[in-house]
>>> print(open('upload_18.cif').read())   # mmCIF, C-alpha atoms
data_work
#
loop_
_atom_site.group_PDB
_atom_site.id
_atom_site.type_symbol
_atom_site.label_atom_id
_atom_site.label_comp_id
_atom_site.auth_asym_id
_atom_site.auth_seq_id
_atom_site.Cartn_x
_atom_site.Cartn_y
_atom_site.Cartn_z
ATOM 1 C CA MET A 487 9.711 14.323 -21.103
ATOM 2 C CA HIS A 488 7.502 17.386 -21.504
ATOM 3 C CA PRO A 489 8.482 20.827 -20.111
ATOM 4 C CA PHE A 490 7.407 21.606 -16.542
ATOM 5 C CA ALA A 491 7.965 24.233 -13.857
ATOM 6 C CA TYR A 492 9.713 23.376 -10.591
ATOM 7 C CA THR A 493 9.490 25.031 -7.193
ATOM 8 C CA ARG A 494 10.853 24.054 -3.779
ATOM 9 C CA VAL A 495 8.887 24.978 -0.662
ATOM 10 C CA SER A 496 10.075 25.295 2.924
ATOM 11 C CA ASP A 497 6.814 25.266 4.910
ATOM 12 C CA THR A 498 3.406 23.619 4.688
ATOM 13 C CA ARG A 499 1.527 26.860 3.981
ATOM 14 C CA GLU A 500 3.669 27.505 0.921
ATOM 15 C CA ALA A 501 3.171 23.892 -0.170
ATOM 16 C CA LEU A 502 -0.616 24.091 0.174
ATOM 17 C CA ASP A 503 -0.734 27.344 -1.818
ATOM 18 C CA ALA A 504 1.220 25.717 -4.637
ATOM 19 C CA GLY A 505 -0.891 22.567 -4.482
ATOM 20 C CA ARG A 506 -4.125 24.549 -4.605
ATOM 21 C CA ARG A 507 -2.886 26.120 -7.842
ATOM 22 C CA GLY A 508 -2.483 22.667 -9.388
ATOM 23 C CA GLY A 509 1.117 21.835 -8.479
ATOM 24 C CA ARG A 510 2.036 18.179 -8.001
ATOM 25 C CA TYR A 511 3.911 17.293 -4.834
ATOM 26 C CA ILE A 512 7.210 15.457 -5.181
ATOM 27 C CA ALA A 513 9.707 14.267 -2.573
ATOM 28 C CA GLY A 514 11.862 11.254 -3.471
ATOM 29 C CA GLY A 515 10.453 11.219 -6.994
ATOM 30 C CA THR A 516 10.994 7.484 -7.426
ATOM 31 C CA THR A 517 7.600 6.949 -9.067
ATOM 32 C CA LEU A 518 6.502 10.276 -10.520
ATOM 33 C CA VAL A 519 9.752 10.965 -12.378
ATOM 34 C CA ASP A 520 9.554 7.535 -14.031
ATOM 35 C CA LEU A 521 5.994 8.213 -15.159
ATOM 36 C CA MET A 522 6.999 11.598 -16.524
ATOM 37 C CA ARG A 523 9.810 10.027 -18.544
ATOM 38 C CA GLU A 524 7.320 7.580 -20.035
ATOM 39 C CA THR A 525 4.870 10.486 -20.683
ATOM 40 C CA VAL A 526 2.208 8.720 -18.619
ATOM 41 C CA GLU A 527 2.141 11.741 -16.296
ATOM 42 C CA ARG A 528 2.516 15.302 -17.607
ATOM 43 C CA PRO A 529 2.355 17.694 -14.641
ATOM 44 C CA GLN A 530 2.817 21.363 -15.446
ATOM 45 C CA THR A 531 4.340 22.191 -12.058
ATOM 46 C CA LEU A 532 6.293 20.096 -9.557
ATOM 47 C CA VAL A 533 6.310 21.204 -5.927
ATOM 48 C CA ASP A 534 9.317 19.846 -4.044
ATOM 49 C CA ILE A 535 8.222 19.181 -0.450
ATOM 50 C CA SER A 536 11.375 17.350 0.663
ATOM 51 C CA ARG A 537 12.326 20.147 3.118
ATOM 52 C CA LEU A 538 9.057 20.057 5.071
ATOM 53 C CA PRO A 539 9.266 18.974 8.737
ATOM 54 C CA LEU A 540 7.452 15.660 8.254
ATOM 55 C CA ARG A 541 10.307 13.270 9.038
ATOM 56 C CA GLU A 542 9.547 12.043 12.553
ATOM 57 C CA VAL A 543 8.451 8.655 13.876
ATOM 58 C CA ASN A 544 6.655 8.942 17.212
ATOM 59 C CA VAL A 545 4.781 6.716 19.620
ATOM 60 C CA THR A 546 1.328 8.210 20.251
ATOM 61 C CA GLU A 547 -0.138 8.837 23.692
ATOM 62 C CA ARG A 548 -2.222 5.677 23.408
ATOM 63 C CA GLY A 549 0.706 3.529 22.348
ATOM 64 C CA GLY A 550 0.225 3.578 18.606
ATOM 65 C CA LEU A 551 2.697 4.831 16.035
ATOM 66 C CA ARG A 552 2.788 7.933 13.860
ATOM 67 C CA ILE A 553 5.109 7.902 10.835
ATOM 68 C CA GLY A 554 5.745 11.218 9.092
ATOM 69 C CA ALA A 555 4.999 11.332 5.375
ATOM 70 C CA LEU A 556 8.585 12.249 4.466
ATOM 71 C CA VAL A 557 10.227 9.487 6.472
ATOM 72 C CA THR A 558 12.011 7.343 3.905
ATOM 73 C CA MET A 559 11.201 3.674 3.529
ATOM 74 C CA SER A 560 14.649 2.687 4.815
ATOM 75 C CA GLU A 561 14.379 5.026 7.826
ATOM 76 C CA ALA A 562 10.965 3.644 8.768
ATOM 77 C CA ALA A 563 12.084 0.032 8.330
ATOM 78 C CA ALA A 564 15.124 0.538 10.570
ATOM 79 C CA HIS A 565 13.439 2.618 13.278
ATOM 80 C CA PRO A 566 13.595 0.817 16.658
ATOM 81 C CA LYS A 567 9.968 1.581 17.540
ATOM 82 C CA VAL A 568 8.681 0.322 14.188
ATOM 83 C CA ARG A 569 10.721 -2.874 14.473
ATOM 84 C CA THR A 570 9.619 -3.454 18.062
ATOM 85 C CA LEU A 571 5.946 -2.512 17.922
ATOM 86 C CA TYR A 572 5.038 -3.527 14.359
ATOM 87 C CA PRO A 573 7.590 -5.843 12.710
ATOM 88 C CA VAL A 574 5.100 -6.382 9.875
ATOM 89 C CA ILE A 575 5.788 -2.810 8.702
ATOM 90 C CA SER A 576 9.565 -3.218 8.741
ATOM 91 C CA GLU A 577 9.361 -6.542 6.921
ATOM 92 C CA ALA A 578 7.028 -5.151 4.255
ATOM 93 C CA LEU A 579 9.354 -2.202 3.652
ATOM 94 C CA GLU A 580 12.499 -4.326 3.493
ATOM 95 C CA LEU A 581 10.890 -6.599 0.893
ATOM 96 C CA SER A 582 10.053 -3.606 -1.298
ATOM 97 C CA ALA A 583 11.977 -2.203 -4.284
ATOM 98 C CA SER A 584 15.775 -1.990 -3.943
ATOM 99 C CA ALA A 585 18.033 -0.530 -1.260
ATOM 100 C CA GLN A 586 18.712 2.539 -3.424
ATOM 101 C CA LEU A 587 15.017 3.223 -3.939
ATOM 102 C CA ARG A 588 14.184 2.644 -0.269
ATOM 103 C CA ASN A 589 16.764 5.296 0.620
ATOM 104 C CA MET A 590 14.952 7.832 -1.575
ATOM 105 C CA ALA A 591 11.252 6.909 -1.517
ATOM 106 C CA THR A 592 9.036 8.253 1.257
ATOM 107 C CA ILE A 593 6.130 6.722 3.138
ATOM 108 C CA GLY A 594 3.719 9.306 1.707
ATOM 109 C CA GLY A 595 4.972 8.742 -1.811
ATOM 110 C CA ASN A 596 4.801 4.984 -1.430
ATOM 111 C CA ILE A 597 1.082 4.925 -0.668
ATOM 112 C CA MET A 598 0.449 7.413 -3.492
ATOM 113 C CA GLN A 599 2.315 5.373 -6.118
ATOM 114 C CA ARG A 600 0.383 4.252 -9.159
ATOM 115 C CA THR A 601 -0.007 0.750 -10.523
ATOM 116 C CA ARG A 602 2.801 -1.165 -12.215
ATOM 117 C CA CYS A 603 0.392 -2.549 -14.832
ATOM 118 C CA THR A 604 2.335 -2.676 -18.101
ATOM 119 C CA TYR A 605 -0.679 -1.465 -20.076
ATOM 120 C CA PHE A 606 -0.965 1.624 -17.856
ATOM 121 C CA ARG A 607 2.692 2.440 -18.555
ATOM 122 C CA ASP A 608 2.416 1.797 -22.286
ATOM 123 C CA VAL A 609 0.906 4.976 -23.717
ATOM 124 C CA THR A 610 -0.058 3.115 -26.920
ATOM 125 C CA ALA A 611 -2.331 0.701 -24.998
ATOM 126 C CA ASP A 612 -5.929 1.283 -23.910
ATOM 127 C CA CYS A 613 -6.082 2.136 -20.201
ATOM 128 C CA ASN A 614 -8.951 3.669 -18.259
ATOM 129 C CA LYS A 615 -6.591 4.750 -15.468
ATOM 130 C CA ARG A 616 -4.502 6.792 -17.859
ATOM 131 C CA GLU A 617 -7.269 7.856 -20.263
ATOM 132 C CA PRO A 618 -10.805 7.381 -18.876
ATOM 133 C CA GLY A 619 -13.157 5.739 -21.342
ATOM 134 C CA SER A 620 -10.445 4.262 -23.556
ATOM 135 C CA GLY A 621 -10.895 0.687 -22.307
ATOM 136 C CA CYS A 622 -8.756 -1.836 -20.439
ATOM 137 C CA ALA A 623 -6.248 -3.752 -22.528
ATOM 138 C CA ALA A 624 -5.438 -6.053 -19.608
ATOM 139 C CA LEU A 625 -8.922 -7.598 -19.573
ATOM 140 C CA HIS A 626 -8.193 -9.562 -22.742
ATOM 141 C CA GLY A 627 -4.413 -9.213 -22.802
ATOM 142 C CA PHE A 628 -1.714 -10.979 -20.826
ATOM 143 C CA ASN A 629 -3.011 -10.604 -17.280
ATOM 144 C CA ARG A 630 -0.951 -13.058 -15.183
ATOM 145 C CA THR A 631 0.075 -10.397 -12.644
ATOM 146 C CA HIS A 632 -3.281 -8.640 -12.452
ATOM 147 C CA ALA A 633 -5.943 -8.561 -9.747
ATOM 148 C CA ILE A 634 -8.530 -11.187 -8.865
ATOM 149 C CA LEU A 635 -10.202 -9.178 -6.076
ATOM 150 C CA GLY A 636 -11.892 -5.772 -6.269
ATOM 151 C CA THR A 637 -11.829 -5.685 -10.052
ATOM 152 C CA SER A 638 -14.338 -4.060 -12.379
ATOM 153 C CA ASP A 639 -15.031 -4.057 -16.096
ATOM 154 C CA ALA A 640 -12.993 -0.838 -16.245
ATOM 155 C CA CYS A 641 -9.787 -1.979 -14.504
ATOM 156 C CA VAL A 642 -8.004 -5.071 -13.176
ATOM 157 C CA ALA A 643 -4.666 -3.509 -12.171
ATOM 158 C CA THR A 644 -3.133 -4.385 -8.807
ATOM 159 C CA HIS A 645 -1.882 -1.898 -6.240
ATOM 160 C CA PRO A 646 1.910 -2.342 -5.996
ATOM 161 C CA SER A 647 2.751 -1.200 -2.455
ATOM 162 C CA ASP A 648 3.907 -3.726 0.147
ATOM 163 C CA VAL A 649 3.746 -1.456 3.174
ATOM 164 C CA ALA A 650 0.195 -0.445 2.197
ATOM 165 C CA VAL A 651 -0.785 -4.076 2.825
ATOM 166 C CA ALA A 652 0.629 -3.839 6.353
ATOM 167 C CA PHE A 653 -1.158 -0.497 6.913
ATOM 168 C CA THR A 654 -4.412 -2.056 5.706
ATOM 169 C CA ALA A 655 -4.060 -5.046 8.020
ATOM 170 C CA LEU A 656 -3.270 -2.800 11.013
ATOM 171 C CA GLU A 657 -6.188 -0.445 10.185
ATOM 172 C CA ALA A 658 -4.030 2.646 9.930
ATOM 173 C CA THR A 659 -5.213 6.201 9.354
ATOM 174 C CA VAL A 660 -3.877 8.737 6.851
ATOM 175 C CA HIS A 661 -3.435 12.302 8.151
ATOM 176 C CA LEU A 662 -4.092 14.989 5.553
ATOM 177 C CA LEU A 663 -3.620 18.749 5.565
ATOM 178 C CA GLY A 664 -5.409 20.895 3.014
ATOM 179 C CA PRO A 665 -6.782 24.366 2.330
ATOM 180 C CA ASP A 666 -9.776 23.513 4.533
ATOM 181 C CA GLY A 667 -7.682 22.241 7.428
ATOM 182 C CA GLU A 668 -6.753 18.813 8.745
ATOM 183 C CA ARG A 669 -8.649 15.580 8.338
ATOM 184 C CA ARG A 670 -8.093 11.875 8.852
ATOM 185 C CA VAL A 671 -9.052 9.086 6.478
ATOM 186 C CA PRO A 672 -9.081 5.394 7.436
ATOM 187 C CA PHE A 673 -6.535 3.600 5.287
ATOM 188 C CA ALA A 674 -9.227 1.226 4.032
ATOM 189 C CA ASP A 675 -11.034 4.263 2.569
ATOM 190 C CA PHE A 676 -7.954 6.128 1.345
ATOM 191 C CA LEU A 677 -7.109 3.804 -1.558
ATOM 192 C CA LEU A 678 -10.085 3.490 -3.891
ATOM 193 C CA ARG A 679 -11.297 0.473 -5.827
ATOM 194 C CA PRO A 680 -11.586 1.180 -9.546
ATOM 195 C CA GLY A 681 -15.335 0.827 -10.088
ATOM 196 C CA LYS A 682 -16.211 2.882 -13.142
ATOM 197 C CA SER A 683 -13.593 5.557 -12.460
ATOM 198 C CA PRO A 684 -10.200 3.848 -12.031
ATOM 199 C CA ASN A 685 -8.397 7.118 -12.783
ATOM 200 C CA ARG A 686 -9.352 8.270 -9.256
ATOM 201 C CA GLU A 687 -7.126 6.192 -6.998
ATOM 202 C CA GLN A 688 -7.001 7.968 -3.623
ATOM 203 C CA ALA A 689 -9.521 9.808 -1.477
ATOM 204 C CA ILE A 690 -7.417 12.947 -1.518
ATOM 205 C CA ARG A 691 -8.560 16.416 -2.552
ATOM 206 C CA GLN A 692 -6.675 18.826 -4.775
ATOM 207 C CA GLY A 693 -3.967 20.591 -2.836
ATOM 208 C CA GLU A 694 -4.118 18.240 0.132
ATOM 209 C CA LEU A 695 -0.844 17.024 1.576
ATOM 210 C CA ILE A 696 -0.228 13.734 3.381
ATOM 211 C CA THR A 697 1.423 14.587 6.703
ATOM 212 C CA ALA A 698 1.568 11.180 8.408
ATOM 213 C CA VAL A 699 0.297 7.629 8.639
ATOM 214 C CA GLU A 700 -0.866 6.593 12.106
ATOM 215 C CA ILE A 701 -1.160 3.004 13.299
ATOM 216 C CA PRO A 702 -3.515 2.540 16.242
ATOM 217 C CA ALA A 703 -2.487 0.952 19.524
ATOM 218 C CA LEU A 704 -3.247 -2.756 19.468
ATOM 219 C CA PRO A 705 -3.449 -5.192 22.399
ATOM 220 C CA ARG A 706 -0.167 -6.669 23.600
ATOM 221 C CA PRO A 707 1.520 -9.057 23.242
ATOM 222 C CA LEU A 708 1.245 -8.749 19.463
ATOM 223 C CA ARG A 709 3.069 -10.902 16.930
ATOM 224 C CA SER A 710 3.162 -9.715 13.339
ATOM 225 C CA GLY A 711 4.920 -10.345 10.052
ATOM 226 C CA TYR A 712 4.821 -10.012 6.271
ATOM 227 C CA LEU A 713 5.277 -12.739 3.666
ATOM 228 C CA LYS A 714 5.769 -11.946 -0.020
ATOM 229 C CA VAL A 715 5.644 -14.410 -2.908
ATOM 230 C CA ARG A 716 7.196 -13.227 -6.168
ATOM 231 C CA ASP A 717 8.823 -14.548 -9.325
ATOM 232 C CA ARG A 718 12.314 -13.689 -8.083
ATOM 233 C CA GLN A 719 13.807 -12.799 -4.723
ATOM 234 C CA SER A 720 15.146 -9.361 -5.629
ATOM 235 C CA TYR A 721 13.325 -6.180 -6.705
ATOM 236 C CA GLU A 722 10.050 -7.730 -7.816
ATOM 237 C CA PHE A 723 6.410 -6.974 -7.136
ATOM 238 C CA ALA A 724 4.246 -9.496 -5.331
ATOM 239 C CA LEU A 725 2.252 -12.219 -7.019
ATOM 240 C CA THR A 726 0.631 -12.397 -3.621
ATOM 241 C CA SER A 727 1.532 -11.406 -0.088
ATOM 242 C CA ALA A 728 0.107 -11.587 3.422
ATOM 243 C CA ALA A 729 0.353 -9.204 6.377
ATOM 244 C CA VAL A 730 -0.696 -10.815 9.662
ATOM 245 C CA ALA A 731 -0.897 -9.548 13.250
ATOM 246 C CA LEU A 732 -2.179 -11.749 16.095
ATOM 247 C CA HIS A 733 -2.870 -11.044 19.752
ATOM 248 C CA VAL A 734 -2.950 -14.304 21.678
ATOM 249 C CA ARG A 735 -3.752 -14.331 25.405
ATOM 250 C CA GLY A 736 -4.417 -17.356 27.546
ATOM 251 C CA GLY A 737 -3.845 -19.604 24.564
ATOM 252 C CA VAL A 738 -6.725 -17.997 22.622
ATOM 253 C CA ILE A 739 -6.611 -15.592 19.665
ATOM 254 C CA ARG A 740 -8.190 -12.346 20.892
ATOM 255 C CA GLU A 741 -7.367 -10.089 17.923
ATOM 256 C CA ALA A 742 -6.510 -10.947 14.311
ATOM 257 C CA LYS A 743 -5.511 -8.500 11.577
ATOM 258 C CA VAL A 744 -4.968 -9.954 8.118
ATOM 259 C CA ALA A 745 -4.591 -8.389 4.657
ATOM 260 C CA ALA A 746 -3.286 -9.523 1.278
ATOM 261 C CA GLY A 747 -1.303 -7.849 -1.492
ATOM 262 C CA GLY A 748 -0.630 -8.603 -5.134
ATOM 263 C CA VAL A 749 -4.141 -9.926 -5.684
ATOM 264 C CA GLY A 750 -6.387 -6.879 -5.287
ATOM 265 C CA THR A 751 -6.923 -3.569 -7.001
ATOM 266 C CA VAL A 752 -6.182 -2.196 -3.524
ATOM 267 C CA PRO A 753 -4.510 -3.910 -0.557
ATOM 268 C CA TRP A 754 -7.136 -6.448 0.431
ATOM 269 C CA LYS A 755 -8.423 -6.787 4.007
ATOM 270 C CA LEU A 756 -9.555 -10.329 4.820
ATOM 271 C CA PRO A 757 -12.352 -10.017 7.417
ATOM 272 C CA ALA A 758 -13.621 -13.564 6.821
ATOM 273 C CA VAL A 759 -10.192 -14.910 7.759
ATOM 274 C CA GLU A 760 -10.000 -12.644 10.831
ATOM 275 C CA GLU A 761 -13.452 -13.617 12.083
ATOM 276 C CA HIS A 762 -12.655 -17.306 11.715
ATOM 277 C CA LEU A 763 -9.577 -16.921 13.923
ATOM 278 C CA ILE A 764 -10.934 -14.870 16.816
ATOM 279 C CA GLY A 765 -11.787 -16.886 19.891
ATOM 280 C CA GLU A 766 -9.950 -19.982 18.668
ATOM 281 C CA ARG A 767 -6.791 -21.734 19.854
ATOM 282 C CA PRO A 768 -3.846 -21.648 17.426
ATOM 283 C CA SER A 769 -3.433 -24.880 15.498
ATOM 284 C CA GLN A 770 -2.378 -26.015 12.073
ATOM 285 C CA SER A 771 -5.933 -27.036 11.233
ATOM 286 C CA LEU A 772 -7.182 -23.582 12.250
ATOM 287 C CA TRP A 773 -4.691 -21.836 9.932
ATOM 288 C CA ALA A 774 -5.794 -24.015 7.021
ATOM 289 C CA SER A 775 -9.518 -23.514 7.590
ATOM 290 C CA ALA A 776 -9.085 -19.749 8.032
ATOM 291 C CA ALA A 777 -6.900 -19.396 4.936
ATOM 292 C CA ALA A 778 -9.475 -21.273 2.854
ATOM 293 C CA ARG A 779 -11.592 -18.097 3.084
ATOM 294 C CA ALA A 780 -8.871 -15.775 1.784
ATOM 295 C CA ALA A 781 -9.952 -15.842 -1.873
ATOM 296 C CA ASP A 782 -13.694 -15.427 -1.265
ATOM 297 C CA GLY A 783 -15.164 -13.334 -4.085
ATOM 298 C CA ALA A 784 -12.190 -13.771 -6.411
ATOM 299 C CA ARG A 785 -12.732 -13.190 -10.138
ATOM 300 C CA PRO A 786 -9.762 -14.752 -11.929
ATOM 301 C CA LEU A 787 -8.878 -13.769 -15.472
ATOM 302 C CA GLN A 788 -7.522 -15.899 -18.295
ATOM 303 C CA HIS A 789 -3.925 -16.058 -17.066
ATOM 304 C CA ASN A 790 -4.070 -15.491 -13.296
ATOM 305 C CA GLY A 791 -6.371 -18.215 -11.989
ATOM 306 C CA PHE A 792 -3.446 -19.657 -10.036
ATOM 307 C CA LYS A 793 -3.489 -16.629 -7.734
ATOM 308 C CA ALA A 794 -6.525 -17.785 -5.738
ATOM 309 C CA GLU A 795 -4.822 -20.972 -4.574
ATOM 310 C CA LEU A 796 -1.493 -19.187 -4.129
ATOM 311 C CA LEU A 797 -3.197 -16.600 -1.924
ATOM 312 C CA LYS A 798 -4.688 -19.278 0.328
ATOM 313 C CA ARG A 799 -1.329 -20.997 0.707
ATOM 314 C CA THR A 800 0.458 -17.707 1.413
ATOM 315 C CA VAL A 801 -2.030 -16.680 4.099
ATOM 316 C CA GLU A 802 -1.889 -20.132 5.692
ATOM 317 C CA ARG A 803 1.916 -20.088 5.701
ATOM 318 C CA GLN A 804 2.082 -16.656 7.309
ATOM 319 C CA LEU A 805 -0.510 -17.580 9.937
ATOM 320 C CA ARG A 806 1.676 -20.547 10.863
ATOM 321 C CA ILE A 807 4.776 -18.347 11.092
ATOM 322 C CA VAL A 808 3.194 -15.565 13.146
ATOM 323 C CA GLY A 809 1.125 -17.987 15.215
ATOM 324 C CA GLY A 810 4.212 -19.967 16.156
ATOM 325 C CA THR A 811 3.217 -23.303 14.607
ATOM 326 C CA LYS A 812 5.484 -23.475 11.538
#
>>> encode(input="upload_18.cif", output="structure tokens")
Amino acid sequence: MHPFAYTRVSDTREALDAGRRGGRYIAGGTTLVDLMRETVERPQTLVDISRLPLREVNVTERGGLRIGALVTMSEAAAHPKVRTLYPVISEALELSASAQLRNMATIGGNIMQRTRCTYFRDVTADCNKREPGSGCAALHGFNRTHAILGTSDACVATHPSDVAVAFTALEATVHLLGPDGERRVPFADFLLRPGKSPNREQAIRQGELITAVEIPALPRPLRSGYLKVRDRQSYEFALTSAAVALHVRGGVIREAKVAAGGVGTVPWKLPAVEEHLIGERPSQSLWASAAARAADGARPLQHNGFKAELLKRTVERQLRIVGGTK
């Protein structure tokens, strides 16, 4: 690990001043510290924001949910309002990492985490995320766990977060505070596809601080859930996953929110699946025909062609579970 300076701040103004000078924010440190040990990241200054007052979970005036950036994963998963209003968020969090990590990692840190691509973490391998212009070793390497959606010739790494898939499905918004004031970014625009510049992963400006993630109010009753498929049941990243939320009234699907994880360079919204569901009556044949659209546009690599079919089956299975026709 390379030498670095460390400072702890007690208010947002102090944090923004340090961030504007190039400091890197750290709270739980469950990702950044690992990357520093592996010399993938070499920040000169760490700014500890763990004492900032960003630890509340509140229901908004319109009936949505606002989760503070420093709420830990375990706190968010266990919160009564999260479990009641959006079970998909609790389930996604509880299927993430390990209990020890969930007790440390924060919601803001989780959505800022970088890919788990082994080539990104191996400083001897070519990686455009780590060193722009060096190439992508995964394109012609062992790419079983890599993305089939949203890829480019510069990068095929997947985004690792589970709860980010739920936020994408629910069309959340990221609240940011920076030197120029507050702004909000739709979650679908916050995490960036690689394109030709995979080293730029979030739509966040230097010095900006994530203050909260807000989930909009959705029609009730709402059933939601998260399904994760992985190589083992404990502490493993998704081969594919599905976050689903359905509003059914009068026996007809009025709203459908669906996103997938483990298959995209960012959590992948599935509008073709959603559009196929709206206005229809729940049935096993409907789930199958909707899920058949889940892998539209997929670009499999040498070792991960199985993911397209696995994605369809995962989405279909979760539609059956949430829709009540297991």
>>> closest_residue(input="upload_18.cif", among="A:Pro768, A:Pro566, A:Gly508, A:Pro684", to="Arg600 (chain A)", atoms="all atoms listed in the file")
A:Pro684
>>> closest_residue(input="upload_18.cif", among="A:Ile575, A:His733, A:Glu527, A:Ser775", to="Arg616 (chain A)", atoms="all atoms listed in the file")
A:Glu527
>>> atom_distance(input="upload_18.cif", atom1="CA of Gly627 (chain A)", atom2="CA of Leu521 (chain A)")
21.7 Å
>>> residues_near_point(input="upload_18.cif", point="(9.4, 21.3, 4.8)", cutoff="12 Å", atoms="all atoms listed in the file", output="PyMOL selection string")
chain A and resi 494-502+511-513+533-541+554-557+695+697
>>> resolve_selection(input="upload_18.cif", expression="the PyMOL selection byres ((chain A and resi 767) around 10)", output="ChimeraX atom specification")
/A:734-740,763-766,768-770,772,809
>>> resolve_selection(input="upload_18.cif", expression="the PyMOL selection byres ((chain A and resi 801) around 8)", output="PyMOL selection string")
chain A and resi 727-728+746+777+780+797-800+802-805
>>> write_last_selection(input="upload_18.cif", atoms="C-alpha atoms", output="compact mmCIF listing (two decimals), keeping the file's coordinate frame")
# COMPACT_ATOMS: atom_id res chain seq x y z
CA SER A 727 1.53 -11.41 -0.09
CA ALA A 728 0.11 -11.59 3.42
CA ALA A 746 -3.29 -9.52 1.28
CA ALA A 777 -6.90 -19.40 4.94
CA ALA A 780 -8.87 -15.78 1.78
CA LEU A 797 -3.20 -16.60 -1.92
CA LYS A 798 -4.69 -19.28 0.33
CA ARG A 799 -1.33 -21.00 0.71
CA THR A 800 0.46 -17.71 1.41
CA GLU A 802 -1.89 -20.13 5.69
CA ARG A 803 1.92 -20.09 5.70
CA GLN A 804 2.08 -16.66 7.31
CA LEU A 805 -0.51 -17.58 9.94
>>> closest_residue(input="upload_18.cif", among="A:Arg588, A:Arg548, A:Thr558, A:Phe723", to="Thr601 (chain A)", atoms="all atoms listed in the file")
A:Phe723
>>> atom_distance(input="upload_18.cif", atom1="CA of Asn589 (chain A)", atom2="CA of Thr517 (chain A)")
13.4 Å
>>> closest_residue(input="upload_18.cif", among="A:Ala563, A:Leu587, A:Arg706, A:Glu668", to="Gly550 (chain A)", atoms="only C-alpha atoms")
A:Arg706
>>> atom_distance(input="upload_18.cif", atom1="CA of Leu725 (chain A)", atom2="CA of Thr631 (chain A)")
6.3 Å
>>> residues_near_point(input="upload_18.cif", point="(-6.6, -7.0, -10.6)", cutoff="9 Å", atoms="all atoms listed in the file", output="ChimeraX atom specification")
/A:629,631-638,641-645,748-752,785-787
>>> resolve_selection(input="upload_18.cif", expression="the PyMOL selection byres ((chain A and resi 712) around 10)", output="VMD selection string")
chain A and resid 573 to 581 648 to 649 651 to 652 710 to 711 713 to 714 727 to 731 744 to 746 801 804 to 805 807 to 808
>>> closest_residue(input="upload_18.cif", among="A:Gln692, A:Gln788, A:Thr610, A:Thr726", to="Thr525 (chain A)", atoms="all atoms listed in the file")
A:Thr610
>>> decode(input="upload_18.cif", residues="region 614-624 of chain A", atoms="N, CA, C and O atoms", output="compact mmCIF listing (two decimals), in the first residue's frame")
# COMPACT_ATOMS: atom_id res chain seq x y z
N ASN A 614 -8.68 -1.19 -19.39
CA ASN A 614 -8.99 0.19 -19.72
C ASN A 614 -9.66 0.94 -18.57
O ASN A 614 -9.62 2.17 -18.54
N LYS A 615 -10.27 0.23 -17.63
CA LYS A 615 -10.84 0.89 -16.46
C LYS A 615 -9.73 1.42 -15.56
O LYS A 615 -9.82 2.52 -15.02
N ARG A 616 -8.71 0.61 -15.41
CA ARG A 616 -7.61 0.96 -14.51
C ARG A 616 -6.59 1.86 -15.20
O ARG A 616 -6.05 2.79 -14.60
N GLU A 617 -6.31 1.59 -16.47
CA GLU A 617 -5.33 2.37 -17.23
C GLU A 617 -5.87 2.60 -18.64
O GLU A 617 -5.71 1.74 -19.52
N PRO A 618 -6.57 3.71 -18.86
CA PRO A 618 -7.21 3.96 -20.16
C PRO A 618 -6.22 3.80 -21.32
O PRO A 618 -5.09 4.28 -21.27
N GLY A 619 -6.68 3.08 -22.34
CA GLY A 619 -5.88 2.88 -23.53
C GLY A 619 -5.00 1.66 -23.51
O GLY A 619 -4.34 1.33 -24.51
N SER A 620 -4.98 0.93 -22.39
CA SER A 620 -4.10 -0.24 -22.29
C SER A 620 -4.70 -1.49 -22.91
O SER A 620 -3.98 -2.45 -23.21
N GLY A 621 -6.02 -1.50 -23.10
CA GLY A 621 -6.69 -2.67 -23.67
C GLY A 621 -7.55 -3.37 -22.63
O GLY A 621 -7.61 -2.97 -21.46
N CYS A 622 -8.23 -4.43 -23.07
CA CYS A 622 -9.12 -5.19 -22.19
C CYS A 622 -8.77 -6.67 -22.28
O CYS A 622 -9.08 -7.34 -23.26
N ALA A 623 -8.10 -7.16 -21.25
CA ALA A 623 -7.66 -8.55 -21.25
C ALA A 623 -8.83 -9.53 -21.22
O ALA A 623 -8.73 -10.67 -21.67
N ALA A 624 -9.97 -9.09 -20.71
CA ALA A 624 -11.13 -9.98 -20.58
C ALA A 624 -11.74 -10.34 -21.92
O ALA A 624 -12.36 -11.39 -22.07
